[in-house]
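Colleague: File final.txt follows (compact mmCIF, C-alpha atoms):
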# COMPACT_ATOMS: atom_id res chain seq x y z
CA MET A 1 10.87 70.30 33.80
CA ALA A 2 14.06 72.33 33.41
CA ARG A 3 17.22 70.61 34.61
CA SER A 4 18.77 73.94 35.64
CA PRO A 5 16.96 77.19 36.49
CA LEU A 6 19.94 79.14 35.14
CA ALA A 7 20.05 77.46 31.71
CA SER A 8 18.54 80.30 29.71
CA PRO A 9 19.84 83.65 28.44
CA GLY A 10 17.36 85.59 30.57
CA ALA A 11 18.14 83.79 33.83
CA THR A 12 21.89 84.00 33.24
CA ARG A 13 21.74 87.69 32.38
CA ALA A 14 19.62 88.44 35.45
CA LEU A 15 22.00 86.64 37.80
CA LEU A 16 25.07 88.33 36.32
CA GLU A 17 23.40 91.73 36.71
CA ALA A 18 22.30 90.95 40.27
CA TYR A 19 25.88 90.23 41.29
CA GLY A 20 27.47 92.90 39.08
CA LEU A 21 29.37 90.30 37.05
CA ALA A 22 30.58 90.02 33.47
CA THR A 23 32.15 87.20 31.49
CA LYS A 24 35.97 87.13 31.43
CA HIS A 25 37.49 86.18 28.09
CA SER A 26 40.89 85.65 29.72
CA LEU A 27 39.42 82.77 31.75
CA GLY A 28 37.60 81.27 28.79
CA GLN A 29 34.19 82.05 30.26
CA ASN A 30 31.20 81.29 28.06
CA PHE A 31 28.12 80.51 30.14
CA LEU A 32 25.93 77.62 29.00
CA VAL A 33 22.35 78.82 28.44
CA SER A 34 20.71 75.73 26.92
CA ASP A 35 18.68 73.43 29.12
CA ARG A 36 18.57 70.92 26.24
CA VAL A 37 22.36 70.62 26.38
CA ILE A 38 22.24 70.32 30.19
CA GLU A 39 19.75 67.46 29.75
CA LYS A 40 22.05 65.67 27.31
CA ILE A 41 25.04 66.10 29.63
CA MET A 42 23.06 64.63 32.53
CA ASP A 43 21.90 61.71 30.38
CA LEU A 44 25.51 60.98 29.44
CA ALA A 45 26.66 61.32 33.06
CA ASP A 46 24.03 58.76 34.10
CA LEU A 47 24.21 59.56 37.81
CA ALA A 48 22.56 57.11 40.19
CA GLY A 49 22.46 59.38 43.23
CA THR A 50 25.41 57.82 45.02
CA GLU A 51 28.24 59.61 43.22
CA ARG A 52 30.62 62.24 44.58
CA VAL A 53 30.93 64.56 41.60
CA LEU A 54 33.87 66.84 40.84
CA GLU A 55 33.11 69.87 38.70
CA VAL A 56 35.86 72.14 37.37
CA GLY A 57 34.89 75.63 36.24
CA PRO A 58 31.30 75.87 37.53
CA GLY A 59 30.97 79.54 36.59
CA ILE A 60 27.66 80.76 37.99
CA GLY A 61 26.53 77.19 38.72
CA THR A 62 24.31 76.45 35.72
CA LEU A 63 25.43 72.82 35.41
CA THR A 64 26.07 72.60 39.15
CA LEU A 65 22.37 72.99 40.00
CA ALA A 66 21.45 70.11 37.71
CA LEU A 67 24.19 67.92 39.21
CA LEU A 68 23.00 68.63 42.76
CA ASP A 69 19.62 67.05 41.97
CA ASP A 70 21.18 63.75 40.88
CA ALA A 71 24.44 63.34 42.86
CA ALA A 72 25.10 62.48 46.49
CA ARG A 73 27.54 65.39 46.69
CA VAL A 74 29.13 67.92 44.33
CA VAL A 75 32.39 69.77 44.84
CA SER A 76 33.26 72.53 42.37
CA VAL A 77 36.62 74.18 41.80
CA GLU A 78 36.49 77.72 40.45
CA MET A 79 39.39 80.04 39.64
CA ASP A 80 37.46 83.33 39.25
CA ARG A 81 37.12 84.73 42.76
CA SER A 82 34.46 87.22 41.67
CA LEU A 83 32.10 84.24 41.35
CA GLU A 84 32.50 83.19 44.98
CA PRO A 85 29.36 85.03 46.21
CA VAL A 86 27.24 83.11 43.68
CA LEU A 87 28.76 79.76 44.64
CA SER A 88 28.39 80.63 48.33
CA ALA A 89 24.66 81.25 47.77
CA HIS A 90 24.33 77.85 46.09
CA ALA A 91 26.17 76.21 49.00
CA ALA A 92 23.83 77.84 51.49
CA ALA A 93 20.81 76.49 49.62
CA HIS A 94 22.18 72.99 48.95
CA PRO A 95 23.73 71.01 51.82
CA ASN A 96 25.28 68.52 49.37
CA PHE A 97 27.36 71.23 47.66
CA ALA A 98 30.86 72.50 48.46
CA TYR A 99 33.27 74.61 46.44
CA LEU A 100 36.94 75.49 46.43
CA MET A 101 38.41 78.65 44.98
CA GLY A 102 41.66 78.24 43.04
CA ASP A 103 43.40 76.73 40.05
CA ALA A 104 42.13 73.17 39.59
CA LEU A 105 45.60 72.07 38.49
CA ALA A 106 47.11 73.35 41.75
CA VAL A 107 44.43 72.40 44.29
CA PRO A 108 45.62 69.27 46.15
CA ALA A 109 43.60 66.11 45.55
CA GLU A 110 43.33 65.75 49.34
CA ALA A 111 41.55 69.11 49.61
CA ILE A 112 39.08 68.11 46.92
CA ALA A 113 38.41 64.78 48.63
CA GLU A 114 37.85 66.51 51.97
CA ALA A 115 35.35 68.95 50.44
CA ALA A 116 33.58 66.12 48.61
CA GLY A 117 33.26 63.97 51.73
CA GLY A 118 35.47 61.36 50.09
CA GLU A 119 37.38 60.89 46.87
CA PRO A 120 35.36 62.00 43.82
CA THR A 121 34.02 59.17 41.68
CA VAL A 122 32.84 61.14 38.64
CA MET A 123 33.90 64.39 36.95
CA VAL A 124 31.22 66.36 35.11
CA SER A 125 32.33 69.77 33.85
CA ASN A 126 31.98 72.48 31.27
CA LEU A 127 35.74 72.94 31.32
CA PRO A 128 37.70 76.17 30.74
CA TYR A 129 38.77 75.59 27.15
CA ASN A 130 42.29 76.97 27.50
CA VAL A 131 43.27 74.21 29.97
CA ALA A 132 40.64 71.52 29.28
CA ALA A 133 42.94 68.89 27.78
CA THR A 134 45.46 69.27 30.60
CA ILE A 135 42.78 69.02 33.29
CA ILE A 136 41.29 65.81 31.89
CA LEU A 137 44.61 63.96 31.72
CA ASP A 138 45.82 65.39 35.04
CA PHE A 139 42.77 64.26 37.01
CA PHE A 140 42.68 60.79 35.50
CA GLN A 141 46.37 60.46 36.41
CA ARG A 142 46.24 61.71 39.99
CA MET A 143 42.71 60.71 41.05
CA GLY A 144 42.44 56.95 40.82
CA SER A 145 38.95 57.15 42.30
CA LEU A 146 37.53 58.77 39.14
CA GLU A 147 35.47 56.13 37.36
CA ARG A 148 34.35 58.34 34.48
CA ALA A 149 34.25 61.89 33.18
CA VAL A 150 31.70 63.78 31.10
CA VAL A 151 33.34 66.98 29.91
CA MET A 152 32.54 69.86 27.58
CA VAL A 153 35.59 70.85 25.55
CA GLN A 154 36.49 72.63 22.34
CA ALA A 155 35.58 70.41 19.38
CA GLU A 156 39.20 70.12 18.24
CA VAL A 157 40.19 68.87 21.71
CA ALA A 158 37.39 66.30 21.48
CA ASP A 159 38.83 65.26 18.11
CA ARG A 160 42.22 64.68 19.75
CA ILE A 161 40.64 62.69 22.59
CA CYS A 162 38.70 60.48 20.16
CA ALA A 163 41.42 60.14 17.48
CA LYS A 164 42.57 56.81 16.10
CA PRO A 165 46.16 55.86 15.11
CA GLY A 166 47.11 57.20 11.70
CA GLY A 167 44.72 60.13 11.87
CA ARG A 168 45.74 63.77 11.65
CA THR A 169 44.56 64.57 15.19
CA TYR A 170 46.15 61.50 16.81
CA GLY A 171 49.17 62.41 18.91
CA ALA A 172 50.99 62.03 22.20
CA TYR A 173 48.04 63.39 24.18
CA THR A 174 45.63 60.87 22.66
CA ALA A 175 47.95 57.96 23.37
CA LYS A 176 48.66 59.03 26.96
CA LEU A 177 44.98 59.49 27.79
CA ALA A 178 44.21 56.10 26.24
CA LEU A 179 46.49 54.48 28.81
CA LEU A 180 43.88 55.34 31.42
CA ALA A 181 40.49 55.82 29.80
CA ARG A 182 38.37 55.07 26.74
CA VAL A 183 35.76 57.19 24.96
CA THR A 184 32.19 55.90 25.40
CA GLY A 185 30.14 58.85 24.15
CA ARG A 186 30.20 62.18 22.36
CA PHE A 187 27.83 64.87 21.08
CA GLU A 188 28.37 68.25 19.45
CA VAL A 189 27.39 71.64 20.89
CA GLY A 190 27.11 74.74 18.71
CA PRO A 191 28.18 78.28 19.72
CA GLY A 192 24.57 79.44 20.03
CA ASN A 193 24.16 77.45 23.24
CA PHE A 194 26.44 79.84 25.14
CA MET A 195 26.43 83.46 26.29
CA PRO A 196 28.45 85.03 24.83
CA PRO A 197 28.74 82.63 21.87
CA PRO A 198 32.34 81.36 21.54
CA HIS A 199 34.19 81.53 18.24
CA VAL A 200 34.68 77.76 18.24
CA ASP A 201 32.51 74.66 18.13
CA SER A 202 32.24 72.53 21.25
CA ALA A 203 31.63 68.89 22.09
CA VAL A 204 30.80 66.83 25.15
CA VAL A 205 32.82 63.64 25.57
CA ARG A 206 32.30 60.79 28.01
CA LEU A 207 35.40 58.90 29.17
CA GLU A 208 35.41 55.76 31.30
CA ARG A 209 38.45 54.62 33.24
CA ALA A 210 39.87 51.60 31.46
CA PRO A 211 43.60 51.10 32.13
CA LEU A 212 45.40 49.36 29.29
CA GLU A 213 46.72 45.93 30.18
CA GLY A 214 50.40 46.10 31.04
CA ALA A 215 50.45 49.89 31.42
CA GLY A 216 51.10 49.74 35.13
CA ASP A 217 53.84 52.37 35.14
CA VAL A 218 51.89 55.07 33.33
CA ALA A 219 54.64 57.66 33.84
CA ARG A 220 57.20 55.37 32.16
CA VAL A 221 54.95 54.61 29.18
CA SER A 222 54.05 58.31 28.90
CA ALA A 223 57.76 59.18 28.72
CA VAL A 224 58.16 56.73 25.83
CA ILE A 225 55.16 58.27 24.08
CA ASP A 226 56.51 61.80 24.52
CA ALA A 227 59.87 60.77 23.08
CA ALA A 228 58.23 59.03 20.13
CA PHE A 229 56.20 62.12 19.23
CA ALA A 230 58.91 64.68 20.12
CA GLN A 231 59.88 65.08 16.46
CA ARG A 232 56.71 63.99 14.74
CA ARG A 233 58.03 64.20 11.19
CA LYS A 234 60.96 61.93 11.94
CA THR A 235 60.96 58.16 12.20
CA ILE A 236 60.26 56.81 15.66
CA ARG A 237 63.89 55.64 15.96
CA ASN A 238 65.28 59.10 15.18
CA SER A 239 62.73 60.91 17.35
CA MET A 240 63.37 58.70 20.38
CA SER A 241 67.16 58.70 19.99
CA ALA A 242 67.09 62.50 19.81
CA SER A 243 65.22 62.41 23.13
CA GLY A 244 68.00 60.44 24.83
CA PHE A 245 67.20 56.78 24.16
CA ALA A 246 70.23 54.72 23.06
CA ARG A 247 69.95 53.52 19.45
CA GLU A 248 71.13 50.02 20.35
CA ALA A 249 68.47 49.66 23.05
CA LEU A 250 65.83 51.03 20.68
CA ASP A 251 66.74 48.62 17.90
CA ALA A 252 66.54 45.66 20.27
CA ALA A 253 63.18 46.82 21.63
CA PHE A 254 61.75 47.44 18.14
CA ALA A 255 62.82 43.95 17.07
CA ALA A 256 61.28 42.40 20.18
CA CYS A 257 57.97 44.19 19.56
CA GLY A 258 57.86 43.79 15.80
CA ILE A 259 57.80 47.56 15.33
CA ALA A 260 59.55 48.98 12.28
CA PRO A 261 62.12 51.59 13.37
CA THR A 262 61.31 53.55 10.20
CA CYS A 263 57.64 54.03 11.12
CA ARG A 264 56.30 57.25 12.62
CA ALA A 265 54.77 57.51 16.06
CA GLU A 266 51.28 58.39 14.83
CA THR A 267 50.93 54.96 13.20
CA LEU A 268 51.28 53.13 16.53
CA ALA A 269 48.38 52.29 18.85
CA PRO A 270 48.59 52.97 22.59
CA GLU A 271 49.06 49.23 23.13
CA ASP A 272 52.19 49.38 20.96
CA PHE A 273 53.73 51.99 23.25
CA VAL A 274 52.97 49.82 26.27
CA ARG A 275 54.82 46.91 24.64
CA LEU A 276 57.68 49.16 23.58
CA ALA A 277 58.13 50.55 27.09
CA ALA A 278 58.18 47.02 28.52
CA ALA A 279 60.78 45.90 25.94
CA LEU A 280 62.99 48.89 26.73
CA ASP A 281 62.76 48.11 30.46
CA GLU A 282 63.72 44.49 29.85
CA GLY A 283 66.76 45.57 27.86
CA GLU A 284 68.13 47.79 30.62
Please rewrite the model in this file as structure tokens.
Modeller:
Amino acid sequence: MARSPLASPGATRALLEAYGLATKHSLGQNFLVSDRVIEKIMDLADLAGTERVLEVGPGIGTLTLALLDDAARVVSVEMDRSLEPVLSAHAAAHPNFAYLMGDALAVPAEAIAEAAGGEPTVMVSNLPYNVAATIILDFFQRMGSLERAVVMVQAEVADRICAKPGGRTYGAYTAKLALLARVTGRFEVGPGNFMPPPHVDSAVVRLERAPLEGAGDVARVSAVIDAAFAQRRKTIRNSMSASGFAREALDAAFAACGIAPTCRAETLAPEDFVRLAAALDEGE
């Protein structure tokens, strides 16, 4: 049995023609047309039927229809207003579906919670690739109710999310996301699963909320991470001092943490930044 009636080239093409729609490259629209991929996403999401699901970038609702079968309620946020008639039709047919039109990064969390009948507990999305990384971090930061996320992103973004210290793709984004969540699953998705096929490879990543011990003030630790990576080719001492941290305070904090001031930020684990932020706070 198909997980989504829209997950095929023919069904997608027919719906687009019925509503006089076309894909918009400027919004990163590439419609998923593989029911096999939908099935794998749903397996990774592992919905029990009680979840309030947040979906960003539903498009014509291909993934949405599969989510509606397994979730208590789904709220989707879509920026392309030309897709509203399609989403409205889905809402009319499914009482557990609501949608909001607008930029997901600007829609208030309170509005999303109201539409979802409570704060969302899971995010499952085929994200707009041009803002995917920002959306993932933003929603984990401002929606404490999110227990996990299963998101389709560009493969290189998935590499950044999954990177380990010392690797080429490990950076400030990786470390900041790791303060809040850990990767618990991933699979690759080729361009042929979309219409039109994108010029990049994709991947689906599952993240579970797992705050790092001691990282209570995430904004403070994130500021330390940003300063450490601000001038990536410089030592962590030089990069952070150039970002406004006093050298004397840095040296004391490095000594307290056992971190070499001559190392570079990409060699440090997220836990190291948590310890460094705490040491800097103690020295103030």
Colleague: With a distance cut-off of 12 Å and all atoms listed in the file, select the neighbouring residues of Val150 (chain A), excluding the residue or stretch itself and same-chain residues fewer than 2 positions from it, and output the selection as a ChimeraX atom specification.
Modeller: /A:38,40-47,53-56,63,67,121-127,132,136,146-148,152-153,158,181-187,203-209
Colleague: Of the residues A:Ala106, A:Leu212, A:Ala7, A:Ala178, which is the one nearest to Thr64 (chain A), using all atoms listed in the file?
Modeller: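 Once distances to Thr64 (chain A) are computed over all atoms listed in the file, the minimum belongs to A:Ala7.
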Colleague: If you count all atoms listed in the file, which residues fall within 8 Å of Ala277 (chain A), apart from same-chain ones fewer than 6 positions away, as a compact mmCIF listing (two decimals) with C-alpha atoms, keeping the file's coordinate frame?
Modeller:
# COMPACT_ATOMS: atom_id res chain seq x y z
CA ARG A 220 57.20 55.37 32.16
CA VAL A 221 54.95 54.61 29.18
CA VAL A 224 58.16 56.73 25.83
Colleague: Between CA of Asp217 (chain A) and CA of Thr174 (chain A), what distance in Å does the model show, to one decimal?
Modeller: 17.2 Å
Colleague: As an exercise, work out the distance from CA of Pro165 (chain A) to CA of Phe273 (chain A) in Å and give it to one decimal place.
Modeller: 11.8 Å
Colleague: Quick one, how far is CA of Ala242 (chain A) from CA of Ala228 (chain A)?
Modeller: 9.5 Å
Colleague: Which residue gives the smallest distance to Ala22 (chain A) among A:Ala279, A:Met79, A:Ile60, A:Val274, with only C-alpha atoms counted?
Modeller: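 The closest residue to Ala22 (chain A) is A:Ile60.
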Colleague: Counting all atoms listed in the file, what is within 9 Å of Gly190 (chain A), bar same-chain residues fewer than 3 positions away, as a PyMOL selection string?
Modeller: chain A and resi 193-194+197-198+200-203
Colleague: Between A:Gly61, A:Pro108, A:Gly102, A:Pro95, which is the closest to Ser4 (chain A) once you count all atoms listed in the file?
Modeller: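 Between A:Gly61, A:Pro108, A:Gly102, A:Pro95, the residue approaching Ser4 (chain A) most closely is A:Gly61.
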Colleague: Looking at A:Phe31, A:Tyr99, A:Phe140, A:Phe245, which one is nearest to Thr62 (chain A), with distances taken over only C-alpha atoms?
Modeller: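 Among A:Phe31, A:Tyr99, A:Phe140, A:Phe245, it is A:Phe31 that comes nearest to Thr62 (chain A).
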